[in-house]
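A.B. asks: This is the structure, below, for whatever I ask next.
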Amino acid sequence: MRNYDVLIIGTGVAGLFAALNISKDKKILIVTKGTLEDNDSFLAQGGICVQRDETDFEPFMEDTLRAGHYENNEAAVSAMIRSSQEIIDDLIGLGIAFDKKGDGFSYTKEGAHSRARILHCKDMTGKEINSKLIARIKERKNVSILENSTLVDLLVAGDRCHGAVLRDQSRKLFNVYAQSTLLATGGIGGLFSKSTNFAHLTGDAIAVALKHGIRVKDMNYVQIHPTSLYTGRPGRAFLMSESLRGEGSILVGKDGQRFADELLPRDLLTKAIYTQMEKDRLPYVRMLLKGHVEGSIAERFPGIHAHCLQEGYDLTEDYIPVVPAQHYFMGGIEVDLQSKTSLANLYAAGETSCNGVHGKNRLASNSLLESLVFSKRAAQAIDESFQCALPYPFPEPDARSVTDGLAEARRRLLEEIGIEEEAHAK
């Protein structure tokens, strides 16, 4: 099959949740570059923000704006916050089990939040949400899934998108036609030598958007997470969740003394850590939970605890070496509040897109919420504007022209992000 009503590129929470919110009479194809689980949503540890009550709207707004250096799109932030309880209800209805405390939810607090408003599933919130979304997707008879296939171009003619050019594992190129296309390919961490992202997430959708003159926004807004586990080895960095600091862990230098407020916005804390590393002449600082985090550390953070043990550190006893690593991309394909791009019939959601929610620096645990809110809005817009038309007669893709086009698109992407030499990238 090569003709679909809706084509979705990406199987993080944005792509999957959009598919679940598109009407069941639409024939949908979901494509992923790796397997269904190979996405950054699956790696999310900390949690998902929610507006606690009406008194929390203004504080939630202010926390998000302050973290984003007031460069946020306030209308988008408002839409995200106002939709947060509805999204949580949707997730619970899909089978997600958030941690409880007594008769209510267990809320935690992270960096730059003025109050505890983050729901979590131990330290594997992304895995819990993504796995439940995958399970619900597999129940949908109108949804097909194509793994190990890469987006290499868009089918563009007559000022609208008609689908995409894909490449499978055997490197065969083929056209897939769709009335509506949603790009949700995740972030750009694979372009950096040290990142918490999967290495295959290289901004593919953003590169092809640049090739076709589709508007992009804030391309130099790249977030560094203050704390990943230091190992000295190449490869993906293991994230040491913001929740560790939100629940009391401290950061110390070589002298054993705290050197910063651990709940600073991520960009400011990262600067403080780099300053301390230079002072100590060490490639890391140290994190300590013992005596600072209440309750059972191993029970609250089982995934992180198990990983640290594999690396030779006991989270409940030891000082843990941590170092900043590339983590999130606030820029991307420019979209409106319905996740529409500047090209007709083309939508973008999740880290691939930029609706202005995050401004210059993302507030902790806003990523899952933002992806879910605006992927649902994309689904609603697709349903409302859907019109069936015959596929445009594109020729079969030519391998040489596609390869040359990809090389130029990647060069432009690196230039836009501000990576001056490819030696700095993977």
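Identifiers for the structure tokens are assigned positionally: chains receive A, B, ... in sequence, residues are indexed from 1 per chain, and ligands are indexed from 1 in the order shown.
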Please provide the set of residues having any atom within 9 Å of region 146-156 of chain A, restricted to only C-alpha atoms, with same-chain residues fewer than 4 positions apart removed, written as a PyMOL selection string.
C.D. replies: chain A and resi 9+29-36+160-169+171+173+175-177+185+204-205+207-209+211-212+343+392+394+402-403+405-406
A.B. asks: Here is a test: counting only C-alpha atoms, which residue of A:Ile22, A:Ala116, A:Ile206, A:Leu315 is nearest to Thr341 (chain A)?
C.D. replies: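 Selected residue with least distance to Thr341 (chain A): A:Ile206.
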A.B. asks: Considering only C-alpha atoms, can you say which of A:Gly47, A:Gly12, A:Gly186, A:Gly295 comes closest to Ile88 (chain A)?
C.D. replies: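 Closest residue, counting only C-alpha atoms: A:Gly47.
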A.B. asks: Which of region 29-272 of chain A counts as alpha helix (DSSP H) under DSSP, as a PyMOL selection string please?
C.D. replies: chain A and resi 40-43+57-67+74-93+125-138+204-211+242-246+266-272
A.B. asks: Just the residues within 10 Å of region 71-82 of chain A, please, counting only C-alpha atoms, with nothing from its chain fewer than 4 positions along; format it as a ChimeraX atom specification.
C.D. replies: /A:49-52,54,56-58,60-62,64-67,86-87,336-338,354-362,366,369-374
A.B. asks: Wanna dump the region 235-318 of chain A-region 215-224 of chain A contacts at 8 Å for me, each residue with its shortest atom pair and the distance in Å to one decimal, counting only C-alpha atoms, ordered by chain and number, as CSV?
C.D. replies:
residue,atom,partner,partner_atom,distance
A:Arg266,CA,A:Ile224,CA,7.2
A:Asp267,CA,A:Ile224,CA,6.7
A:Thr270,CA,A:Ile224,CA,7.0
A.B. asks: Print the selection's residues with all heavy atoms to a file, as a PDB file, in the first residue's frame.
C.D. replies:
ATOM      1  N   ARG A 266      17.634  25.146  33.696  1.00  0.00           N
ATOM      2  CA  ARG A 266      18.678  24.265  33.188  1.00  0.00           C
ATOM      3  C   ARG A 266      19.871  25.003  32.591  1.00  0.00           C
ATOM      4  O   ARG A 266      21.027  24.605  32.794  1.00  0.00           O
ATOM      5  CB  ARG A 266      18.084  23.317  32.144  1.00  0.00           C
ATOM      6  CG  ARG A 266      17.201  22.259  32.766  1.00  0.00           C
ATOM      7  CD  ARG A 266      16.538  21.393  31.724  1.00  0.00           C
ATOM      8  NE  ARG A 266      15.808  20.314  32.371  1.00  0.00           N
ATOM      9  CZ  ARG A 266      15.055  19.428  31.727  1.00  0.00           C
ATOM     10  NH1 ARG A 266      14.921  19.512  30.409  1.00  0.00           N
ATOM     11  NH2 ARG A 266      14.435  18.468  32.381  1.00  0.00           N
ATOM     12  N   ASP A 267      19.618  26.069  31.850  1.00  0.00           N
ATOM     13  CA  ASP A 267      20.740  26.759  31.213  1.00  0.00           C
ATOM     14  C   ASP A 267      21.646  27.423  32.244  1.00  0.00           C
ATOM     15  O   ASP A 267      22.871  27.404  32.114  1.00  0.00           O
ATOM     16  CB  ASP A 267      20.251  27.768  30.171  1.00  0.00           C
ATOM     17  CG  ASP A 267      19.254  28.775  30.727  1.00  0.00           C
ATOM     18  OD1 ASP A 267      18.644  28.522  31.785  1.00  0.00           O
ATOM     19  OD2 ASP A 267      19.066  29.829  30.073  1.00  0.00           O
ATOM     20  N   THR A 270      23.608  24.711  34.184  1.00  0.00           N
ATOM     21  CA  THR A 270      24.665  24.185  33.320  1.00  0.00           C
ATOM     22  C   THR A 270      25.891  25.095  33.340  1.00  0.00           C
ATOM     23  O   THR A 270      27.032  24.621  33.445  1.00  0.00           O
ATOM     24  CB  THR A 270      24.142  24.031  31.877  1.00  0.00           C
ATOM     25  OG1 THR A 270      23.136  23.015  31.855  1.00  0.00           O
ATOM     26  CG2 THR A 270      25.267  23.644  30.929  1.00  0.00           C
TER      27      THR A 270
END
A.B. asks: Measure the distance from CA of Leu268 (chain A) to CA of Tyr107 (chain A) in Å and round it to one decimal.
C.D. replies: 24.2 Å
A.B. asks: Counting only C-alpha atoms, what is within 7 Å of Ile96 (chain A), bar same-chain residues fewer than 4 positions away, as a list of chain:residue names?
C.D. replies: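 Within the cut-off, the hits are A:Leu91, A:Ile92, A:Glu128, A:Ile129, A:Lys132.
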A.B. asks: Select, from A:Leu363, A:Ile28, A:Leu7, A:Ala19, the residue with the minimum atom-to-atom distance to Gly46 (chain A), counting only C-alpha atoms.
C.D. replies: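 Of the candidates, the smallest distance to Gly46 (chain A) is held by A:Leu363.
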